[in-house]
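First up is the structure itself, then whatever we jot down about it.
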Amino acid sequence: SSSSSSSSGVEVITFDLDDTLWPTTPVVAHANQAFVDFCSERIPGFPDTAGVNEYMKRVRAEREALARRDNDRHFPLSFASLRIAAANVAAVELGVPVHDAVSIVSRGYHLAWIPARGEKAAELLFDGAREMLRELRANHPNAAIGSITNGLGSAASAGLGEFFDFEISADELMDSEGVHGEDAKKPGGFMFTRAKLHARAHARGPWSGDASAWVHIGDDVVNDCGAAKTHGGFRTIMVDSPEVVPWPGSAAKIFAAGEDAPDASVVADVVVTSLREIPGVLRGWA
């Protein structure tokens, strides 16, 4: 059948999330504001989002200075931990008792920031995201589908959990397993190695482990396409959506200052401008 033939050539499909399935900037900005609103309701004078970001820079700089002083490797905090730590410092400096400060900001992160991020991602899904995932599931019923993201977003929190077998977050690995940030995050290979274990565990059909049967899809020429080629030799699709304003940590920003950006034509097997193009690309590879 056409379904069995199409599924035979693709065993694993992994996605980046931010700026691939939804736009990062408005989603994270909404979550940051929800967190600030939660804390401000309970702590008079609590800083705005820009102010919290300044506290985050301060906490990071202080921790880096301590590592240099002790001649140790700096272990960066995850963005989640850094935001909580920074907000805690701000609250204490406003006169909030330490115990109360920890309670308020940690609950604010979990009760406000996390759900707000997911809700806004669900609201701002790129055109055709859900239909594309549904079509991939139908066309490749034996494939394991997962996400590999540096941030704390998740497909499940954005209402797409039914399409995904596994999700891997570098930010979460930094907290849950103590993985160093430089190791955990793309373009490093740690998450791709971890994804291989998840993909094999969630395989719905025969598992060859062949790199050509793995497709990674993302928006970043370095973190997604380059990393997937370097660490797995996987097939890659680069999503170059005209709707995206690049997040500050993306390759587009890093190389905007005049450096030569990696050539997408080398590390991306296909470049698409719409998620709706992806099922057709995979059908051609089956």
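In the structure tokens, chains take the letters A, B, ... in the order shown, each chain's residues start at 1, and ligands count up from 1 in the order shown.
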Write out as CSV the residues of region 18-74 of chain A that have any atom within 10 Å of an atom of region 95-102 of chain A, one row each with the nearest atom pair and its distance in Å to one decimal, counting only C-alpha atoms, sorted by chain and then rising number.
```
residue,atom,partner,partner_atom,distance
A:Cys39,CA,A:Ala101,CA,9.4
A:Arg42,CA,A:Ala101,CA,9.7
A:Ile43,CA,A:Val96,CA,7.6
A:Pro44,CA,A:Val96,CA,9.6
```
- Distance CA of Arg107 (chain A)-CA of Ser78 (chain A), one decimal place? 16.9 Å
- Message: Residues near region 167-172 of chain A, anyone? I mean within 6 Å using only C-alpha atoms, not counting same-chain ones fewer than 2 positions away, as a list in words.
- Response: Ser78, Gly146, Ser147, Ile148, Thr149, Asn150, Gly151, Leu152, Met174, Asp175, Ser176, Ala184 and Lys185 of chain A
- Note on the structure: Residue with the minimum atom-to-atom distance to Ala264 (chain A), picked from A:Gly128, A:Pro187, A:Gly51, A:Gly226 with only C-alpha atoms counted, is A:Gly226
- Do you have the CA of Arg276 (chain A)-CA of Leu125 (chain A) distance handy?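 Interatomic distance, CA of Arg276 (chain A) to CA of Leu125 (chain A): 12.5 Å.
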Could you give me, as CSV, every region 25-98 of chain A residue with an atom at most 12 Å from region 7-21 of chain A, plus its closest atom pair and distance in Å to one decimal, counting only C-alpha atoms, rows ordered by chain then number?
```
residue,atom,partner,partner_atom,distance
A:Thr25,CA,A:Asp19,CA,8.4
A:Pro26,CA,A:Asp19,CA,10.4
A:Val27,CA,A:Asp18,CA,8.9
A:Val28,CA,A:Asp18,CA,9.6
```
- Item | Residues near Asp269 (chain A), cut-off 7 Å, only C-alpha atoms, skip fewer than 3 positions along chain, as a PyMOL selection string | chain A and resi 235-237+265
Any chance you could export the current selection's all heavy atoms as a PDB file, in the first residue's frame?
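Okay, this is what ended up in out.pdb:
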```
ATOM      1  N   ARG A 235      18.941  13.318   7.559  1.00  0.00           N
ATOM      2  CA  ARG A 235      18.357  14.204   6.555  1.00  0.00           C
ATOM      3  C   ARG A 235      17.774  15.416   7.277  1.00  0.00           C
ATOM      4  O   ARG A 235      17.287  15.293   8.414  1.00  0.00           O
ATOM      5  CB  ARG A 235      17.273  13.469   5.769  1.00  0.00           C
ATOM      6  CG  ARG A 235      17.820  12.353   4.885  1.00  0.00           C
ATOM      7  CD  ARG A 235      16.732  11.732   4.042  1.00  0.00           C
ATOM      8  NE  ARG A 235      17.273  10.739   3.130  1.00  0.00           N
ATOM      9  CZ  ARG A 235      16.573  10.136   2.177  1.00  0.00           C
ATOM     10  NH1 ARG A 235      15.295  10.441   2.007  1.00  0.00           N
ATOM     11  NH2 ARG A 235      17.145   9.244   1.385  1.00  0.00           N
ATOM     12  N   THR A 236      17.820  16.553   6.624  1.00  0.00           N
ATOM     13  CA  THR A 236      17.395  17.786   7.299  1.00  0.00           C
ATOM     14  C   THR A 236      16.481  18.622   6.414  1.00  0.00           C
ATOM     15  O   THR A 236      16.666  18.699   5.195  1.00  0.00           O
ATOM     16  CB  THR A 236      18.609  18.649   7.690  1.00  0.00           C
ATOM     17  OG1 THR A 236      19.410  18.895   6.527  1.00  0.00           O
ATOM     18  CG2 THR A 236      19.457  17.970   8.750  1.00  0.00           C
ATOM     19  N   ILE A 237      15.502  19.220   7.069  1.00  0.00           N
ATOM     20  CA  ILE A 237      14.626  20.197   6.420  1.00  0.00           C
ATOM     21  C   ILE A 237      14.719  21.478   7.222  1.00  0.00           C
ATOM     22  O   ILE A 237      14.464  21.488   8.436  1.00  0.00           O
ATOM     23  CB  ILE A 237      13.164  19.712   6.380  1.00  0.00           C
ATOM     24  CG1 ILE A 237      13.046  18.416   5.585  1.00  0.00           C
ATOM     25  CG2 ILE A 237      12.260  20.795   5.789  1.00  0.00           C
ATOM     26  CD1 ILE A 237      11.642  17.811   5.583  1.00  0.00           C
ATOM     27  N   SER A 265      22.464  25.545   2.025  1.00  0.00           N
ATOM     28  CA  SER A 265      22.381  24.568   0.935  1.00  0.00           C
ATOM     29  C   SER A 265      23.280  23.364   1.181  1.00  0.00           C
ATOM     30  O   SER A 265      23.102  22.307   0.570  1.00  0.00           O
ATOM     31  CB  SER A 265      22.758  25.221  -0.402  1.00  0.00           C
ATOM     32  OG  SER A 265      24.129  25.586  -0.418  1.00  0.00           O
TER      33      SER A 265
END
```
- Which one of A:His202, A:Lys120, A:Arg73, A:Arg134 sits closest to Phe166 (chain A) if you count only C-alpha atoms? A:His202
- A:Ala85, A:Arg69, A:Val179, A:His140: which is nearest Val215 (chain A), counting only C-alpha atoms? A:His140
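Interatomic distance, CA of Glu119 (chain A) against CA of Asp165 (chain A): 20.5 Å.
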- Query: Can you list, as a PyMOL selection string, every protein, DNA or RNA residue that comes within 12 Å of Lys57 (chain A) when you count only C-alpha atoms, leaving out same-chain residues fewer than 5 positions away?
  - Reply: chain A and resi 50-52+62-64+76-77+79+82-83+85-87+89
